[in-house]
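Here is the file start36.txt (compact mmCIF, C-alpha atoms).
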# COMPACT_ATOMS: atom_id res chain seq x y z
CA MET A 969 -35.93 -30.71 -94.00
CA VAL A 970 -35.28 -34.47 -94.26
CA LYS A 971 -31.61 -35.33 -94.27
CA LYS A 972 -31.04 -37.72 -97.17
CA LYS A 973 -27.56 -36.73 -98.26
CA SER A 974 -25.90 -38.73 -95.51
CA THR A 975 -27.12 -42.03 -97.01
CA ALA A 976 -27.32 -41.13 -100.71
CA GLU A 977 -23.65 -40.13 -100.78
CA LEU A 978 -22.70 -43.75 -100.03
CA GLY A 979 -23.38 -44.57 -103.67
CA THR A 980 -21.80 -41.50 -105.28
CA GLU A 981 -18.95 -40.08 -103.20
CA ASN A 982 -15.30 -41.17 -103.69
CA VAL A 983 -14.86 -44.53 -101.93
CA GLY A 984 -11.57 -43.63 -100.26
CA LYS A 985 -13.03 -40.40 -98.95
CA LEU A 986 -16.15 -42.21 -97.74
CA LEU A 987 -14.14 -44.88 -95.95
CA LEU A 988 -12.17 -42.20 -94.13
CA GLN A 989 -15.37 -40.31 -93.34
CA TYR A 990 -17.07 -43.37 -91.86
CA ALA A 991 -14.11 -45.33 -90.54
CA VAL A 992 -12.19 -42.60 -88.74
CA PRO A 993 -15.06 -41.80 -86.34
CA ALA A 994 -15.66 -45.54 -85.83
CA ILE A 995 -11.94 -46.14 -85.24
CA ILE A 996 -11.82 -43.30 -82.74
CA ALA A 997 -14.91 -44.73 -81.07
CA MET A 998 -13.49 -48.26 -80.94
CA THR A 999 -10.12 -47.00 -79.72
CA ALA A 1000 -11.93 -45.06 -77.04
CA SER A 1001 -13.97 -48.16 -76.18
CA SER A 1002 -10.81 -50.24 -75.85
CA LEU A 1003 -9.13 -47.56 -73.75
CA TYR A 1004 -12.30 -47.50 -71.67
CA ASN A 1005 -11.82 -51.21 -70.82
CA MET A 1006 -8.09 -50.70 -70.39
CA VAL A 1007 -8.62 -47.84 -67.93
CA ASP A 1008 -10.83 -50.12 -65.82
CA SER A 1009 -8.12 -52.79 -65.76
CA ILE A 1010 -5.35 -50.31 -64.94
CA PHE A 1011 -7.25 -48.75 -62.05
CA ILE A 1012 -8.27 -52.18 -60.77
CA GLY A 1013 -4.75 -53.60 -61.08
CA GLN A 1014 -3.00 -50.64 -59.48
CA GLY A 1015 -5.69 -49.89 -56.91
CA VAL A 1016 -7.02 -53.31 -55.89
CA GLY A 1017 -4.19 -55.75 -56.72
CA ALA A 1018 -2.87 -58.52 -58.96
CA MET A 1019 -5.59 -61.00 -57.94
CA ALA A 1020 -8.23 -58.45 -58.88
CA ILE A 1021 -6.84 -58.44 -62.45
CA SER A 1022 -7.10 -62.23 -62.45
CA GLY A 1023 -10.67 -61.97 -61.17
CA LEU A 1024 -11.48 -59.49 -63.92
CA ALA A 1025 -9.95 -61.82 -66.53
CA VAL A 1026 -12.30 -64.58 -65.36
CA THR A 1027 -15.26 -62.39 -66.34
CA PHE A 1028 -14.12 -62.04 -69.97
CA PRO A 1029 -16.06 -65.13 -71.22
CA LEU A 1030 -19.27 -63.84 -69.68
CA MET A 1031 -18.65 -60.39 -71.16
CA ASN A 1032 -18.08 -62.05 -74.56
CA LEU A 1033 -21.31 -64.00 -74.22
CA SER A 1034 -23.23 -60.82 -73.42
CA ALA A 1035 -21.57 -59.10 -76.38
CA ALA A 1036 -22.62 -62.04 -78.58
CA PHE A 1037 -26.29 -61.33 -78.01
CA GLY A 1038 -25.75 -57.59 -78.25
CA SER A 1039 -23.87 -57.81 -81.55
CA MET A 1040 -26.41 -60.22 -83.01
CA VAL A 1041 -28.99 -57.45 -82.77
CA GLY A 1042 -26.77 -54.42 -83.28
CA VAL A 1043 -24.64 -55.63 -86.17
CA GLY A 1044 -27.39 -57.72 -87.77
CA ALA A 1045 -30.00 -54.96 -87.73
CA SER A 1046 -27.62 -52.17 -88.72
CA THR A 1047 -26.32 -54.20 -91.69
CA LEU A 1048 -29.90 -54.86 -92.78
CA MET A 1049 -30.62 -51.15 -92.33
CA SER A 1050 -27.71 -50.22 -94.64
CA VAL A 1051 -28.96 -52.55 -97.37
CA LYS A 1052 -32.52 -51.17 -97.10
CA LEU A 1053 -31.25 -47.60 -97.30
CA GLY A 1054 -29.27 -48.56 -100.41
CA GLN A 1055 -32.52 -49.87 -101.89
CA HIS A 1056 -34.30 -46.64 -100.81
CA ASP A 1057 -36.69 -48.68 -98.65
CA PHE A 1058 -36.87 -46.02 -95.94
CA LYS A 1059 -40.04 -47.37 -94.29
CA THR A 1060 -38.42 -50.73 -93.53
CA ALA A 1061 -35.25 -48.99 -92.32
CA GLN A 1062 -37.39 -46.98 -89.90
CA ASN A 1063 -39.03 -50.15 -88.57
CA ILE A 1064 -35.61 -51.75 -88.15
CA LEU A 1065 -34.63 -48.87 -85.86
CA GLY A 1066 -37.66 -49.51 -83.65
CA ASN A 1067 -37.02 -53.24 -83.59
CA ILE A 1068 -33.44 -52.61 -82.45
CA VAL A 1069 -34.79 -50.86 -79.36
CA THR A 1070 -37.31 -53.61 -78.56
CA LEU A 1071 -34.96 -56.53 -79.15
CA ASN A 1072 -32.23 -55.01 -76.99
CA LEU A 1073 -34.68 -54.36 -74.15
CA LEU A 1074 -35.87 -57.97 -74.25
CA LEU A 1075 -32.50 -59.71 -74.72
CA GLY A 1076 -30.60 -57.37 -72.41
CA THR A 1077 -33.04 -57.88 -69.55
CA LEU A 1078 -33.34 -61.67 -69.97
CA PHE A 1079 -29.59 -62.23 -70.25
CA GLY A 1080 -28.85 -60.10 -67.20
CA LEU A 1081 -31.45 -61.79 -64.97
CA ILE A 1082 -30.67 -65.39 -65.99
CA THR A 1083 -26.90 -65.03 -65.56
CA LEU A 1084 -27.31 -63.27 -62.21
CA ILE A 1085 -29.24 -66.25 -60.87
CA PHE A 1086 -26.45 -68.69 -61.78
CA LEU A 1087 -23.50 -66.30 -61.46
CA ASP A 1088 -21.22 -68.25 -59.08
CA PRO A 1089 -21.44 -71.60 -60.93
CA ILE A 1090 -20.86 -69.77 -64.22
CA LEU A 1091 -17.75 -67.99 -62.91
CA TYR A 1092 -16.28 -71.21 -61.47
CA PHE A 1093 -16.90 -72.89 -64.83
CA PHE A 1094 -15.14 -69.99 -66.54
CA GLY A 1095 -11.97 -70.56 -64.51
CA ALA A 1096 -12.49 -68.73 -61.21
CA SER A 1097 -10.83 -70.03 -58.05
CA ASP A 1098 -11.79 -69.42 -54.42
CA THR A 1099 -9.22 -66.60 -54.46
CA THR A 1100 -10.47 -64.78 -57.57
CA ILE A 1101 -14.24 -65.37 -57.46
CA PRO A 1102 -14.99 -62.58 -54.91
CA TYR A 1103 -13.49 -60.02 -57.33
CA ALA A 1104 -15.24 -61.53 -60.37
CA ARG A 1105 -18.59 -61.70 -58.58
CA ASP A 1106 -18.41 -58.14 -57.24
CA TYR A 1107 -17.71 -56.81 -60.72
CA MET A 1108 -20.24 -58.87 -62.70
CA GLU A 1109 -23.18 -58.33 -60.33
CA ILE A 1110 -23.17 -54.63 -61.17
CA ILE A 1111 -22.44 -55.15 -64.88
CA LEU A 1112 -25.31 -57.64 -65.25
CA LEU A 1113 -27.78 -55.44 -63.40
CA GLY A 1114 -27.05 -52.78 -66.02
CA ASN A 1115 -26.88 -55.22 -68.95
CA VAL A 1116 -29.97 -53.83 -70.67
CA ILE A 1117 -28.28 -50.41 -70.72
CA THR A 1118 -25.15 -51.89 -72.30
CA HIS A 1119 -27.11 -53.74 -75.01
CA SER A 1120 -29.21 -50.70 -75.85
CA TYR A 1121 -26.18 -48.41 -75.99
CA LEU A 1122 -24.22 -50.71 -78.32
CA GLY A 1123 -27.24 -51.42 -80.54
CA LEU A 1124 -28.09 -47.76 -81.08
CA ASN A 1125 -24.44 -46.94 -81.78
CA SER A 1126 -24.50 -49.42 -84.67
CA ALA A 1127 -27.75 -47.85 -85.87
CA LEU A 1128 -26.20 -44.37 -85.76
CA ARG A 1129 -23.42 -45.44 -88.13
CA SER A 1130 -25.83 -47.04 -90.60
CA ALA A 1131 -28.14 -44.01 -90.45
CA GLY A 1132 -25.31 -41.75 -91.63
CA HIS A 1133 -24.13 -40.49 -88.26
CA PRO A 1134 -20.66 -41.99 -87.70
CA GLN A 1135 -19.65 -38.87 -85.77
CA GLY A 1136 -22.65 -39.27 -83.45
CA ALA A 1137 -21.60 -42.86 -82.68
CA MET A 1138 -18.06 -41.64 -82.07
CA TYR A 1139 -19.18 -38.90 -79.69
CA ALA A 1140 -21.32 -41.39 -77.74
CA THR A 1141 -18.34 -43.73 -77.25
CA ILE A 1142 -15.94 -40.93 -76.35
CA LEU A 1143 -18.48 -39.69 -73.81
CA THR A 1144 -18.43 -43.09 -72.09
CA VAL A 1145 -14.63 -43.06 -71.94
CA ILE A 1146 -14.41 -39.58 -70.46
CA ILE A 1147 -17.10 -40.23 -67.85
CA ASN A 1148 -15.68 -43.65 -66.96
CA THR A 1149 -12.15 -42.28 -66.61
CA ILE A 1150 -13.40 -39.54 -64.29
CA LEU A 1151 -15.59 -41.84 -62.18
CA ASP A 1152 -13.16 -44.79 -61.85
CA PRO A 1153 -10.72 -43.16 -59.39
CA ILE A 1154 -13.59 -41.49 -57.51
CA PHE A 1155 -15.53 -44.73 -57.04
CA ILE A 1156 -12.53 -47.09 -56.59
CA TYR A 1157 -10.31 -44.90 -54.39
CA GLY A 1158 -12.46 -42.01 -53.15
CA PHE A 1159 -15.52 -44.02 -52.12
CA GLY A 1160 -13.48 -47.17 -51.41
CA TRP A 1161 -15.75 -49.36 -53.55
CA GLY A 1162 -12.87 -51.32 -55.09
CA ILE A 1163 -13.69 -53.40 -58.15
CA ARG A 1164 -17.42 -52.70 -57.73
CA GLY A 1165 -16.63 -49.01 -58.20
CA ALA A 1166 -15.21 -49.76 -61.66
CA ALA A 1167 -18.43 -51.58 -62.60
CA TYR A 1168 -20.62 -48.70 -61.36
CA ALA A 1169 -18.53 -46.25 -63.40
CA THR A 1170 -18.95 -48.39 -66.52
CA ILE A 1171 -22.75 -48.65 -66.32
CA LEU A 1172 -23.28 -44.99 -65.40
CA ALA A 1173 -21.09 -43.87 -68.32
CA GLN A 1174 -23.06 -46.02 -70.76
CA ALA A 1175 -26.39 -44.76 -69.38
CA LEU A 1176 -25.41 -41.15 -70.03
CA ALA A 1177 -24.24 -42.03 -73.58
CA LEU A 1178 -27.58 -43.77 -74.15
CA VAL A 1179 -29.38 -40.53 -73.27
CA TRP A 1180 -27.31 -38.80 -75.98
CA GLN A 1181 -28.28 -41.45 -78.55
CA PHE A 1182 -31.97 -41.11 -77.71
CA TYR A 1183 -31.62 -37.38 -78.16
CA ILE A 1184 -30.27 -37.83 -81.71
CA PHE A 1185 -32.93 -40.33 -82.78
CA SER A 1186 -35.71 -38.23 -81.26
CA ASP A 1187 -35.08 -35.47 -83.80
CA LYS A 1188 -38.02 -35.55 -86.23
CA LYS A 1189 -35.87 -33.90 -88.91
CA GLU A 1190 -33.75 -37.03 -89.16
CA GLN A 1191 -34.52 -39.45 -91.96
CA LEU A 1192 -34.58 -42.25 -89.36
CA HIS A 1193 -36.07 -41.29 -86.01
CA PHE A 1194 -38.16 -42.62 -83.16
CA THR A 1195 -41.88 -42.51 -83.90
CA ARG A 1196 -45.03 -44.47 -83.12
CA GLY A 1197 -45.59 -47.85 -84.70
CA ILE A 1198 -41.96 -48.90 -85.25
CA TYR A 1199 -41.34 -50.77 -81.98
CA LYS A 1200 -43.59 -53.77 -82.55
CA LEU A 1201 -41.43 -56.73 -83.55
CA LYS A 1202 -41.88 -57.74 -87.18
CA LYS A 1203 -41.12 -61.35 -88.02
CA LYS A 1204 -39.19 -60.69 -91.23
CA ILE A 1205 -37.02 -57.99 -89.64
CA VAL A 1206 -36.26 -60.19 -86.63
CA VAL A 1207 -35.48 -63.25 -88.78
CA ASP A 1208 -33.26 -61.28 -91.19
CA THR A 1209 -31.53 -59.52 -88.30
CA ILE A 1210 -30.71 -62.81 -86.61
CA ALA A 1211 -29.60 -64.41 -89.90
CA ILE A 1212 -27.11 -61.61 -90.58
CA GLY A 1213 -26.21 -61.19 -86.91
CA LEU A 1214 -25.44 -64.89 -86.47
CA SER A 1215 -21.88 -64.31 -87.66
CA PRO A 1216 -20.88 -61.82 -84.92
CA PHE A 1217 -22.99 -63.82 -82.44
CA LEU A 1218 -21.08 -67.01 -83.18
CA MET A 1219 -17.80 -65.10 -83.24
CA ASN A 1220 -18.40 -63.75 -79.75
CA SER A 1221 -19.81 -67.08 -78.53
CA CYS A 1222 -16.71 -68.83 -79.81
CA ALA A 1223 -14.61 -66.16 -78.11
CA CYS A 1224 -16.43 -67.06 -74.90
CA LEU A 1225 -15.59 -70.76 -75.33
CA VAL A 1226 -12.01 -69.96 -76.29
CA VAL A 1227 -11.41 -67.74 -73.26
CA ILE A 1228 -12.89 -70.44 -71.00
CA LEU A 1229 -10.41 -72.97 -72.41
CA ILE A 1230 -7.56 -70.46 -72.17
CA ASN A 1231 -8.41 -69.59 -68.56
CA LYS A 1232 -8.73 -73.22 -67.54
CA GLY A 1233 -5.47 -74.13 -69.27
CA LEU A 1234 -3.63 -71.16 -67.80
CA GLY A 1235 -5.02 -71.94 -64.35
CA GLU A 1236 -3.92 -75.56 -64.63
CA HIS A 1237 -0.39 -74.86 -65.91
CA GLY A 1238 0.35 -71.45 -64.40
CA GLY A 1239 -2.20 -70.67 -61.67
CA ASP A 1240 -4.23 -67.52 -61.05
CA LEU A 1241 -1.33 -65.24 -62.02
CA ALA A 1242 -1.20 -66.77 -65.51
CA ILE A 1243 -4.90 -65.95 -65.95
CA GLY A 1244 -4.13 -62.40 -64.87
CA ALA A 1245 -1.26 -62.27 -67.38
CA TYR A 1246 -3.64 -63.19 -70.19
CA GLY A 1247 -6.04 -60.54 -68.91
CA ILE A 1248 -3.32 -57.91 -69.33
CA VAL A 1249 -2.26 -59.17 -72.78
CA ASN A 1250 -5.87 -59.32 -73.90
CA ARG A 1251 -6.53 -55.72 -72.87
CA ILE A 1252 -3.42 -54.42 -74.66
CA LEU A 1253 -3.77 -56.34 -77.92
CA PHE A 1254 -7.52 -55.86 -78.00
CA LEU A 1255 -6.81 -52.19 -78.65
CA PHE A 1256 -5.57 -53.09 -82.16
CA ILE A 1257 -8.43 -55.53 -82.73
CA MET A 1258 -10.91 -52.82 -81.79
CA ILE A 1259 -9.30 -50.39 -84.23
CA VAL A 1260 -9.76 -52.97 -87.01
CA ILE A 1261 -13.36 -53.46 -85.87
CA GLY A 1262 -13.81 -49.70 -86.16
CA LEU A 1263 -12.42 -49.79 -89.70
CA ASN A 1264 -14.78 -52.67 -90.51
CA GLN A 1265 -17.70 -50.73 -89.09
CA GLY A 1266 -16.78 -47.88 -91.41
CA MET A 1267 -16.73 -50.32 -94.33
CA GLN A 1268 -20.07 -51.94 -93.45
CA PRO A 1269 -22.55 -49.21 -94.49
CA ILE A 1270 -20.53 -48.41 -97.65
CA ALA A 1271 -20.25 -52.02 -98.79
CA GLY A 1272 -23.84 -52.80 -97.77
CA TYR A 1273 -25.33 -49.77 -99.53
CA ASN A 1274 -23.41 -50.28 -102.78
CA TYR A 1275 -24.08 -54.02 -102.81
CA GLY A 1276 -27.78 -53.23 -102.43
CA ALA A 1277 -27.45 -50.75 -105.31
CA GLN A 1278 -25.48 -53.33 -107.37
CA LYS A 1279 -22.44 -51.07 -107.75
CA MET A 1280 -19.88 -53.87 -107.57
CA ASP A 1281 -16.84 -51.82 -108.55
CA ARG A 1282 -17.42 -49.64 -105.47
CA VAL A 1283 -18.00 -52.70 -103.28
CA LEU A 1284 -14.65 -54.25 -104.26
CA GLN A 1285 -12.81 -50.96 -103.93
CA THR A 1286 -14.17 -50.61 -100.40
CA LEU A 1287 -12.95 -54.10 -99.52
CA ARG A 1288 -9.48 -53.45 -100.95
CA TYR A 1289 -8.96 -50.24 -98.98
CA THR A 1290 -10.24 -51.90 -95.81
CA ILE A 1291 -7.81 -54.82 -96.12
CA TYR A 1292 -4.89 -52.43 -96.60
CA GLY A 1293 -5.85 -50.42 -93.54
CA ALA A 1294 -6.52 -53.48 -91.36
CA THR A 1295 -3.13 -54.99 -92.22
CA ILE A 1296 -1.30 -51.80 -91.27
CA ILE A 1297 -3.14 -51.69 -87.93
CA THR A 1298 -2.41 -55.28 -86.91
CA THR A 1299 1.21 -54.93 -88.01
CA CYS A 1300 1.50 -52.07 -85.52
CA GLY A 1301 0.13 -54.46 -82.89
CA PHE A 1302 2.85 -56.96 -83.82
CA LEU A 1303 5.57 -54.32 -83.36
CA VAL A 1304 4.23 -53.19 -79.98
CA GLY A 1305 3.91 -56.78 -78.74
CA GLU A 1306 7.44 -57.72 -79.79
CA LEU A 1307 9.31 -54.53 -78.90
CA MET A 1308 7.68 -53.20 -75.72
CA PRO A 1309 5.68 -55.89 -73.89
CA ARG A 1310 7.15 -55.18 -70.44
CA LEU A 1311 6.46 -51.47 -70.68
CA CYS A 1312 2.83 -52.20 -71.56
CA ALA A 1313 2.36 -54.77 -68.80
CA ARG A 1314 3.89 -52.49 -66.18
CA ALA A 1315 1.04 -50.00 -66.67
CA PHE A 1316 -1.34 -52.57 -65.15
CA THR A 1317 0.66 -53.91 -62.21
CA THR A 1318 3.83 -53.66 -60.16
CA ASP A 1319 3.96 -57.43 -59.59
CA GLU A 1320 7.19 -58.54 -61.37
CA GLN A 1321 6.11 -62.16 -61.76
CA LEU A 1322 2.87 -61.06 -63.42
CA ILE A 1323 4.80 -58.66 -65.69
CA ASP A 1324 7.17 -61.48 -66.73
CA MET A 1325 4.28 -63.83 -67.57
CA ALA A 1326 2.38 -61.19 -69.54
CA SER A 1327 5.45 -60.10 -71.53
CA HIS A 1328 6.36 -63.66 -72.47
CA GLY A 1329 2.81 -64.49 -73.57
CA MET A 1330 2.44 -61.31 -75.58
CA ARG A 1331 5.57 -61.92 -77.66
CA ILE A 1332 4.24 -65.32 -78.70
CA ILE A 1333 0.64 -64.28 -79.40
CA VAL A 1334 1.56 -61.44 -81.81
CA VAL A 1335 3.76 -63.59 -84.10
CA CYS A 1336 1.03 -63.81 -86.78
CA TYR A 1337 -0.70 -60.52 -85.98
CA PRO A 1338 0.15 -58.84 -89.32
CA ILE A 1339 -2.23 -61.18 -91.18
CA ILE A 1340 -5.14 -61.02 -88.72
CA GLY A 1341 -6.30 -57.71 -90.22
CA PHE A 1342 -6.88 -59.34 -93.60
CA GLN A 1343 -8.83 -62.19 -92.02
CA MET A 1344 -11.05 -59.87 -89.97
CA ALA A 1345 -11.73 -57.46 -92.86
CA THR A 1346 -12.72 -60.26 -95.24
CA THR A 1347 -14.98 -61.92 -92.67
CA ASN A 1348 -16.74 -58.61 -92.04
CA PHE A 1349 -17.00 -57.97 -95.79
CA PHE A 1350 -19.06 -61.13 -96.33
CA GLN A 1351 -21.28 -60.09 -93.43
CA SER A 1352 -21.69 -56.55 -94.82
CA ILE A 1353 -23.02 -57.77 -98.18
CA GLY A 1354 -25.43 -60.21 -96.53
CA HIS A 1355 -23.43 -63.43 -97.16
CA ALA A 1356 -23.99 -64.53 -93.58
CA GLY A 1357 -23.08 -68.19 -94.18
CA LYS A 1358 -19.58 -67.39 -95.41
CA SER A 1359 -19.01 -64.90 -92.61
CA ILE A 1360 -20.15 -67.44 -90.02
CA PHE A 1361 -17.87 -70.12 -91.46
CA LEU A 1362 -14.84 -67.84 -91.40
CA SER A 1363 -15.65 -66.77 -87.85
CA LEU A 1364 -15.82 -70.41 -86.80
CA THR A 1365 -12.61 -71.47 -88.52
CA ARG A 1366 -10.38 -69.08 -86.62
CA GLN A 1367 -11.85 -69.55 -83.16
CA LEU A 1368 -13.56 -72.94 -83.08
CA LEU A 1369 -12.34 -75.28 -85.80
CA PHE A 1370 -8.65 -74.45 -85.34
CA LEU A 1371 -8.00 -72.68 -82.04
CA VAL A 1372 -10.03 -74.94 -79.74
CA PRO A 1373 -8.30 -78.21 -80.80
CA LEU A 1374 -4.90 -76.50 -80.60
CA LEU A 1375 -5.67 -75.24 -77.08
CA ILE A 1376 -6.43 -78.82 -76.07
CA ILE A 1377 -3.52 -80.53 -77.86
CA LEU A 1378 -0.49 -78.20 -77.61
CA PRO A 1379 -0.35 -77.88 -73.78
CA HIS A 1380 0.29 -81.64 -73.62
CA PHE A 1381 3.57 -81.04 -75.47
CA PHE A 1382 4.59 -77.50 -74.42
CA GLY A 1383 2.81 -76.94 -71.10
CA LEU A 1384 1.93 -73.30 -70.44
CA ASP A 1385 3.62 -72.15 -73.67
CA GLY A 1386 1.35 -74.49 -75.64
CA ILE A 1387 -1.59 -72.23 -74.78
CA TRP A 1388 0.26 -69.17 -76.07
CA TYR A 1389 1.41 -71.04 -79.24
CA ALA A 1390 -2.16 -72.10 -80.09
CA MET A 1391 -3.27 -68.53 -80.82
CA PRO A 1392 -0.85 -67.53 -83.62
CA ALA A 1393 -1.05 -71.03 -85.11
CA SER A 1394 -4.83 -70.78 -85.50
CA ASP A 1395 -4.50 -67.25 -86.93
CA LEU A 1396 -2.20 -68.51 -89.66
CA ILE A 1397 -4.40 -71.45 -90.69
CA ALA A 1398 -7.60 -69.36 -90.63
CA SER A 1399 -6.04 -66.65 -92.78
CA ILE A 1400 -5.11 -69.21 -95.44
CA VAL A 1401 -8.70 -70.50 -95.51
CA THR A 1402 -9.99 -66.92 -95.73
CA ALA A 1403 -7.73 -66.14 -98.69
CA VAL A 1404 -9.03 -69.18 -100.57
CA MET A 1405 -12.68 -68.24 -99.94
CA LEU A 1406 -12.13 -64.63 -100.99
CA TYR A 1407 -10.44 -65.78 -104.22
CA ILE A 1408 -13.45 -67.97 -105.03
CA GLN A 1409 -15.86 -65.12 -104.29
CA MET A 1410 -13.93 -62.70 -106.50
CA LYS A 1411 -14.20 -65.15 -109.40
CA LYS A 1412 -17.98 -65.31 -108.87
CA PHE A 1413 -18.26 -61.51 -108.86
CA LYS A 1414 -16.26 -61.37 -112.09
CA LEU A 1415 -18.47 -63.96 -113.80
CA ASN A 1416 -21.63 -62.13 -112.73
CA SER A 1417 -20.25 -58.86 -114.08
CA ILE A 1418 -19.53 -60.48 -117.45
CA LYS A 1419 -23.06 -61.96 -117.60
CA ASN A 1420 -24.61 -58.59 -116.77
CA GLY A 1421 -22.44 -56.84 -119.38
CA GLN A 1422 -20.66 -54.66 -116.83
Rendering of file as structure tokens:
Amino acid sequence: MVKKKSTAELGTENVGKLLLQYAVPAIIAMTASSLYNMVDSIFIGQGVGAMAISGLAVTFPLMNLSAAFGSMVGVGASTLMSVKLGQHDFKTAQNILGNIVTLNLLLGTLFGLITLIFLDPILYFFGASDTTIPYARDYMEIILLGNVITHSYLGLNSALRSAGHPQGAMYATILTVIINTILDPIFIYGFGWGIRGAAYATILAQALALVWQFYIFSDKKEQLHFTRGIYKLKKKIVVDTIAIGLSPFLMNSCACLVVILINKGLGEHGGDLAIGAYGIVNRILFLFIMIVIGLNQGMQPIAGYNYGAQKMDRVLQTLRYTIYGATIITTCGFLVGELMPRLCARAFTTDEQLIDMASHGMRIIVVCYPIIGFQMATTNFFQSIGHAGKSIFLSLTRQLLFLVPLLIILPHFFGLDGIWYAMPASDLIASIVTAVMLYIQMKKFKLNSIKNGQ
């Protein structure tokens, strides 16, 4: 029997119930994913040393760049899939699934090979020193060799959510966390592989989760499943996927540029330890960002489906609930960052100087955290309904148009603190711009509803 209820209910079920149904598994999955990265950092920091954390922090821009290509396919194609399901165009949705597999194989392989060839120059450009590059290189060589696995795993997880299987996506992510947590101490301590052991654990965990995803999509009873004829790239699907996926691609690409500037500034004003401090802060606060991303992922198929079905009251209700939830989440991040930064930093290292630097930076960065949730939810909303241009613009404002100039200017006046100050300042300005754009969009929706007699 073909399972159609999982997508049809997006247009009929209570919106609040749907958002919980789709967002909770995604939030659990994203929380698990963040913990997965955090576990790596904790084991590396405690088992290899403070400089290893700094070396790991140097790899963040390259990881962001890899994620940029992965999200362009995963988010772009899964959003397109949601809209097609809302329009009951099941044949195109099936072809999108096949194109996700092919695109990830191509992009994942090419990115991994090209970056491996130029790895050392890339890492030095990203802020590595002669002290930290051995750690960064050892870690990234393994990660890049398995890059095609990472891209495929993330792409199919996005497809699972859009195909009405948020729990399946959640189980896949939790599986990676459990396996990684088990393998990290075995590979790092037991086998004595150090930071390379953490990378091996990461790739092996993702490979096993990928097997689980293939198992789900191989079930012929599923509405969307692997079958012959869907893997050949179709121009319209690829173009539409890239158009929608440009927003997360640019967001992650900008994140890459931003982290490069942050690392270089921290290295110049505070040395390798300052880079390590940012690495710790980034891992802790990213937990809250990932939870918001999970909430947004829960919103995406609901907003996309109902927008495709022209049920605007449900679209706006989905956005409203998502903004409320995102604001609560980032406010929790603000409280953690202000009230217990030293306790959080101590989990990663015993180096007191590194703990001091991380605690100080965290308190500054979270000043405007309560409003970040609104900015992220609204940006994702525009992406979910296919307004890629608006989503791209909002992505660029926060990271490129505002943060990059502030990272260049403020250190001239405040030194090391200027780098920390730049982050909340850009968050505040970007949120104001986002509020203005959302207000304009709401007026357009209202006018269209009046014209259509709704």
Have a look at CA of Tyr1292 (chain A) and CA of Gly1042 (chain A) and let me know their distance in Å, one decimal.
25.7 Å
In Å, with one decimal, what is the gap from CA of Ile1333 (chain A) to CA of Ile1142 (chain A)?
28.8 Å
Let me make sure I understand: among A:Tyr1199, A:Phe1217, A:Tyr1337, A:Phe1011, which one has the smallest atom-to-atom distance to Val1041 (chain A) if we use all atoms listed in the file?
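Ranked by minimum distance to Val1041 (chain A), first place goes to A:Phe1217.
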Best match for closeness to Gln1174 (chain A) among A:Pro1392, A:Gly1244, A:Gly1386, A:Gly1114, counting all atoms listed in the file
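Of A:Pro1392, A:Gly1244, A:Gly1386, A:Gly1114, the one nearest Gln1174 (chain A), counting all atoms listed in the file, is A:Gly1114.
Comparing A:Gln1268, A:Gln1191, A:Glu1236, A:Ile1171 by their smallest distance to Val1043 (chain A), the closest is A:Gln1268 (using all atoms listed in the file).
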When you look at Ile1243 (chain A) with a cut-off of 7 Å (counting all atoms listed in the file), what residues show up, excluding the ones that are within fewer than 3 positions of it in the same chain? I need them as a count of residues only.
9
